[in-house]
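The block underneath contains the structure these notes are about, expressed in structure tokens.
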Amino acid sequence: MSDFCMPSLGADMEAGTLSTWKIKVGDQVQRGDIIAEVETDKGLIEIEVFDEGVVSEILVHEGEKVPVGSVLAKIQSTSTISTSTFAPLPLAPLSLPSTVDSSSMASPEKKFMSPRIRISPLAKKIALDLNVDISQIQGTGPDGAIKRRDVERTARSLETKTTKTVILSQKTESESVQKMRRAIASAMERSKREIPHYYLETTIDMTKPLQWLEEENKKRSIKDRLLPVILLIQAVAKALKAVSDLNGYWIQNQHQKSEAVHLGFAISLRQGGLIAPAISHADQKSKDELMTHLRDLITRTRSGHLRSSELTNATATLTSLGDLGVEKLYGIIYPPQVSLIGFGKIMERPWAENGMIGIRKVVIATLSADHRASDGHKGAQFLETLNRYLQEIGTL
Amino acid sequence: MKAIELKALLLKKLARIAPEFEMNQLDEKAPLRETLDIDSFDFLNFLISLHEELGVDIPESDYGRLNSLQALISYLQT
């Protein structure tokens with residue numbers, strides 16, 4: 001028997017709302033099946049199961065919001081495979097929000113209180129002025145007597161409640177944008193608080209890779225053409241595989257290198273915010289596979305149909321701001337990852353080589369890395385490897 | 001296809017990429033990708049959808065010439 005739990009879809013997630021079950025009790029499930037949809041700050045996410053077996057119990061109903069880690073369903077195992085082998089890497093422990101709102105619970109003494117309300121004359125006058133029902137005020141004076149400050153406090157809390165209701169009932173797009181901003185805020189705060197970043201940059205001559213790309217695209221119909229970013233993705237993925245210190249996680253004071261390269265790719269959303277879903281096994285994909293995969297990923301990111309594994313298993317992140325004319329960027333690592341690779345725009349620059357000056361197309365690659373997990377020496381090796389792979393991109 | 005029909009078609013396709021933009025306010029000479037905040041993926045998808053609808057296969061070397069609504073219309077008419 002195994003538990004199917006509310007997954008943590010990113011270091012910043014504390015709770016999720018179970019939106020839809022795709023299964024019912026008695027259904028057979030396979031590893032990788034999408035069995036539920038969960039509403040999060042990042043939109044509707046399709047949740048995959050990591051066990052095989054028969055669904056024996058469903059514990060959380062559609063529409064319920066539960067903290068990360070809550071058991072959603074029970075699965076009776078039918079295979080002998082150890083399920084833990086497939087469990088996703090645990091994210092750093094999160095502080096779970098208290099599910100019990102103590103302020104809304106009636107205190108036991110309240111029931112036995114005398115019906116007569118003790119209130120000072122001044123407080124009574126203010127309560128009348130502010131239109132506050134005095135039976136709803138919790139007094140803090142002697143014997144629970146209501147004082148002026150109690151009235152004012154209650155009036156304020158009623159006001160906030162009313163405002164909150166209004167905002168909630170609007171259910172506008174701006175609300176989901178705000179949620180996303182908060183999600184980004186908490187991940188980035190955590191990164192800057194916990195991760196000692198170091199930064200390296202290098203200028204890469206893109207003339208040869210772009211010539212190769214131009215020749216390649218001439219042979220292709222418009223719908224099969226590759227974008228320059230595909231070359232960057234492939235070279236970064238292969239370089240991460242080669243210099244594995246930069247590929248993986250820092251969890252509970254330990255560096256966990258990853259054998260597999262699942263490259264997160266930062267995608268901005270039109271309404272604001274960004275998501276960096278993972279391109280799984282990016283180092284093993286061909287350029288055409290990467291192009292198809294990325295097209296699908298961008299479409300699903302923007303329409304809100306990402307899978308849980310895509311949100312949780314990135315082992316490093318690539319971000320490119322080249323489309324906007326930025327020359328270089330210094331990224332903030334997405335915890336618990338240990339590196340982020342950034343690219344600016346491809347631009348023409350004078351370039352000296354072998355005593356000659358020429359015009360070349362160049363791009364500035366930056367590496368933000370976690371100094372707990374690697375040192376500058378490894379980072380330099382990574383950028384050098386990245387350059388080498390780009391120069392021989394046609395053979396990859 | 002007449003310029004006016006072409007323009008309507010282009011605006012319809014652009015509206016699908018940048019739904020929040022008021023397309024009838026779009027300046028024909030304004031740089032398209034910057035004005036509508038279209039990234040290279042969106043732009044390629046836009047050209048692919050033109051290919052599917054009009055049968056034009058725009059070579060990559062011409063992409064740079066297509067950075068305004070006006071430029072696109074005159075390119076597609078020649």
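Chains: A, B, ... in order of the structure tokens. Residues: from 1 per chain. Ligands: from 1, in order shown.
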
Pull the closest atom pair for each residue of chain B that gets at most 7 Å from chain A, along with the distance in Å to one decimal, counting only C-alpha atoms, ordering rows by chain and then ascending residue number, as a tab-separated table.
residue	atom	partner	partner_atom	distance
B:Asp39	CA	A:Asp323	CA	5.9
B:Ser40	CA	A:Asp323	CA	6.6
B:Ile48	CA	A:Lys223	CA	5.6
B:Asp57	CA	A:Ile222	CA	6.1

Go ahead and write the selection's residues with C-alpha atoms as a PDB file, in the first residue's frame.
ATOM      1  CA  ASP B  39       9.282  36.321 -28.816  1.00  0.00           C
ATOM      2  CA  SER B  40      11.075  34.319 -31.496  1.00  0.00           C
ATOM      3  CA  ILE B  48       4.086  29.014 -39.913  1.00  0.00           C
ATOM      4  CA  ASP B  57       7.390  29.792 -47.422  1.00  0.00           C
TER       5      ASP B  57
END

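Using only C-alpha atoms, the protein and nucleic acid residues lying no more than 9 Å from Arg372 in chain A, apart from those fewer than 3 places from it along its own chain, are Ile195, Pro196, His197, Trp250, Asn253, Gln254, His255, Val338, Ala369 and Asp375 of chain A.
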
(request) May I have the residues within 10 Å of Asp205 in chain A as a PyMOL selection string, using only C-alpha atoms and disregarding those fewer than 5 positions away in the same chain? (result) chain A and resi 210+346-349+351+360-364+387+390-391

(message) Env of Leu66 in chain B: 12 Å cut, atoms = only C-alpha atoms, seq-sep filter 2 positions within chain, self excluded. Answer as a PyMOL selection string.
(response) chain B and resi 28-33+43-44+46-47+58-64+68-76

(request) Step one, run DSSP on the backbone; step two, keep only residues of range 8-62 of chain B assigned to alpha helix (DSSP H); then write them as a PyMOL selection string. (result) chain B and resi 8-17+32-36+40-54

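Going from CA of Phe4 in chain A over to CA of Glu62 in chain A, you cover 14.9 Å.
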
(message) Please list as a ChimeraX atom specification every residue within 7 Å of Gln30 in chain A, counting only C-alpha atoms and excluding residues in the same chain fewer than 3 positions away.
(response) /A:33,51-53

For the selection you just gave me, I'd like the residues written to a file as a PDB file, in the first residue's frame, keeping C-alpha atoms.
ATOM      1  CA  ASP A  33      -0.233   8.129 -15.456  1.00  0.00           C
ATOM      2  CA  ASP A  51       3.490   3.856  -8.195  1.00  0.00           C
ATOM      3  CA  GLU A  52       1.744   0.988  -9.892  1.00  0.00           C
ATOM      4  CA  GLY A  53      -1.358  -0.600  -8.477  1.00  0.00           C
TER       5      GLY A  53
END

(request) Tell me, in Å to one decimal, how far CA of His262 in chain A is from CA of Thr315 in chain A. (result) 5.3 Å

Selection near Glu259 in chain A, 10 Å with only C-alpha atoms, sequence-local residues under 2 positions removed, as a tab-separated table (two decimals) with all heavy atoms, in the first residue's frame:
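Listing of around22.tsv after writing:
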chain	number	residue	atom	x	y	z
A	240	LEU	N	26.15	20.28	-19.04
A	240	LEU	CA	25.74	19.92	-17.68
A	240	LEU	C	26.00	18.45	-17.41
A	240	LEU	O	26.38	18.05	-16.30
A	240	LEU	CB	24.26	20.23	-17.46
A	240	LEU	CG	23.88	21.70	-17.25
A	240	LEU	CD1	22.37	21.89	-17.34
A	240	LEU	CD2	24.40	22.22	-15.91
A	241	LYS	N	25.79	17.63	-18.43
A	241	LYS	CA	26.06	16.20	-18.30
A	241	LYS	C	27.56	15.97	-18.07
A	241	LYS	O	27.96	15.15	-17.24
A	241	LYS	CB	25.61	15.50	-19.59
A	241	LYS	CG	25.83	14.00	-19.61
A	241	LYS	CD	24.84	13.29	-18.70
A	241	LYS	CE	25.10	11.79	-18.68
A	241	LYS	NZ	24.26	11.12	-17.69
A	242	ALA	N	28.38	16.76	-18.78
A	242	ALA	CA	29.83	16.59	-18.68
A	242	ALA	C	30.38	17.13	-17.35
A	242	ALA	O	31.26	16.54	-16.74
A	242	ALA	CB	30.52	17.28	-19.86
A	244	SER	N	29.06	17.56	-14.07
A	244	SER	CA	27.83	17.26	-13.33
A	244	SER	C	27.73	17.97	-11.98
A	244	SER	O	26.68	17.94	-11.35
A	244	SER	CB	27.71	15.75	-13.15
A	244	SER	OG	28.83	15.29	-12.41
A	247	ASN	N	24.88	20.23	-12.01
A	247	ASN	CA	23.59	19.64	-12.36
A	247	ASN	C	23.03	18.86	-11.17
A	247	ASN	O	23.60	17.84	-10.78
A	247	ASN	CB	23.78	18.69	-13.56
A	247	ASN	CG	22.47	18.19	-14.11
A	247	ASN	OD1	21.58	18.97	-14.39
A	247	ASN	ND2	22.36	16.88	-14.23
A	248	GLY	N	21.98	19.35	-10.56
A	248	GLY	CA	21.40	18.65	-9.42
A	248	GLY	C	20.85	19.62	-8.39
A	248	GLY	O	20.37	20.70	-8.74
A	256	GLN	N	23.41	16.98	-4.06
A	256	GLN	CA	22.93	15.77	-4.73
A	256	GLN	C	23.07	15.99	-6.23
A	256	GLN	O	22.24	16.65	-6.84
A	256	GLN	CB	21.46	15.51	-4.38
A	256	GLN	CG	21.23	15.25	-2.91
A	256	GLN	CD	19.77	14.96	-2.59
A	256	GLN	OE1	18.91	14.94	-3.47
A	256	GLN	NE2	19.48	14.72	-1.33
A	257	LYS	N	24.14	15.44	-6.78
A	257	LYS	CA	24.33	15.56	-8.23
A	257	LYS	C	23.29	14.68	-8.92
A	257	LYS	O	22.88	13.67	-8.38
A	257	LYS	CB	25.72	15.08	-8.63
A	257	LYS	CG	26.84	15.95	-8.08
A	257	LYS	CD	28.16	15.47	-8.65
A	257	LYS	CE	29.30	15.84	-7.72
A	257	LYS	NZ	30.59	15.34	-8.21
A	261	VAL	N	19.84	14.85	-16.97
A	261	VAL	CA	19.77	16.30	-17.16
A	261	VAL	C	18.35	16.68	-17.56
A	261	VAL	O	17.88	16.35	-18.65
A	261	VAL	CB	20.76	16.77	-18.25
A	261	VAL	CG1	20.65	18.28	-18.45
A	261	VAL	CG2	22.19	16.39	-17.89
A	262	HIS	N	17.62	17.31	-16.63
A	262	HIS	CA	16.30	17.83	-16.93
A	262	HIS	C	16.43	19.35	-16.88
A	262	HIS	O	16.52	19.94	-15.80
A	262	HIS	CB	15.26	17.35	-15.91
A	262	HIS	CG	15.22	15.85	-15.76
A	262	HIS	ND1	15.10	15.01	-16.85
A	262	HIS	CD2	15.29	15.06	-14.66
A	262	HIS	CE1	15.08	13.75	-16.42
A	262	HIS	NE2	15.21	13.75	-15.10
A	281	HIS	N	15.45	14.87	-19.81
A	281	HIS	CA	16.54	14.24	-20.55
A	281	HIS	C	16.96	15.08	-21.76
A	281	HIS	O	17.13	14.56	-22.87
A	281	HIS	CB	16.15	12.82	-20.99
A	281	HIS	CG	15.85	11.93	-19.82
A	281	HIS	ND1	16.82	11.48	-18.97
A	281	HIS	CD2	14.67	11.44	-19.34
A	281	HIS	CE1	16.27	10.73	-18.02
A	281	HIS	NE2	14.97	10.71	-18.22
A	315	THR	N	16.89	20.05	-13.12
A	315	THR	CA	18.15	19.89	-12.41
A	315	THR	C	19.04	21.12	-12.59
A	315	THR	O	20.08	21.24	-11.95
A	315	THR	CB	18.90	18.64	-12.90
A	315	THR	OG1	19.03	18.73	-14.34
A	315	THR	CG2	18.14	17.37	-12.56
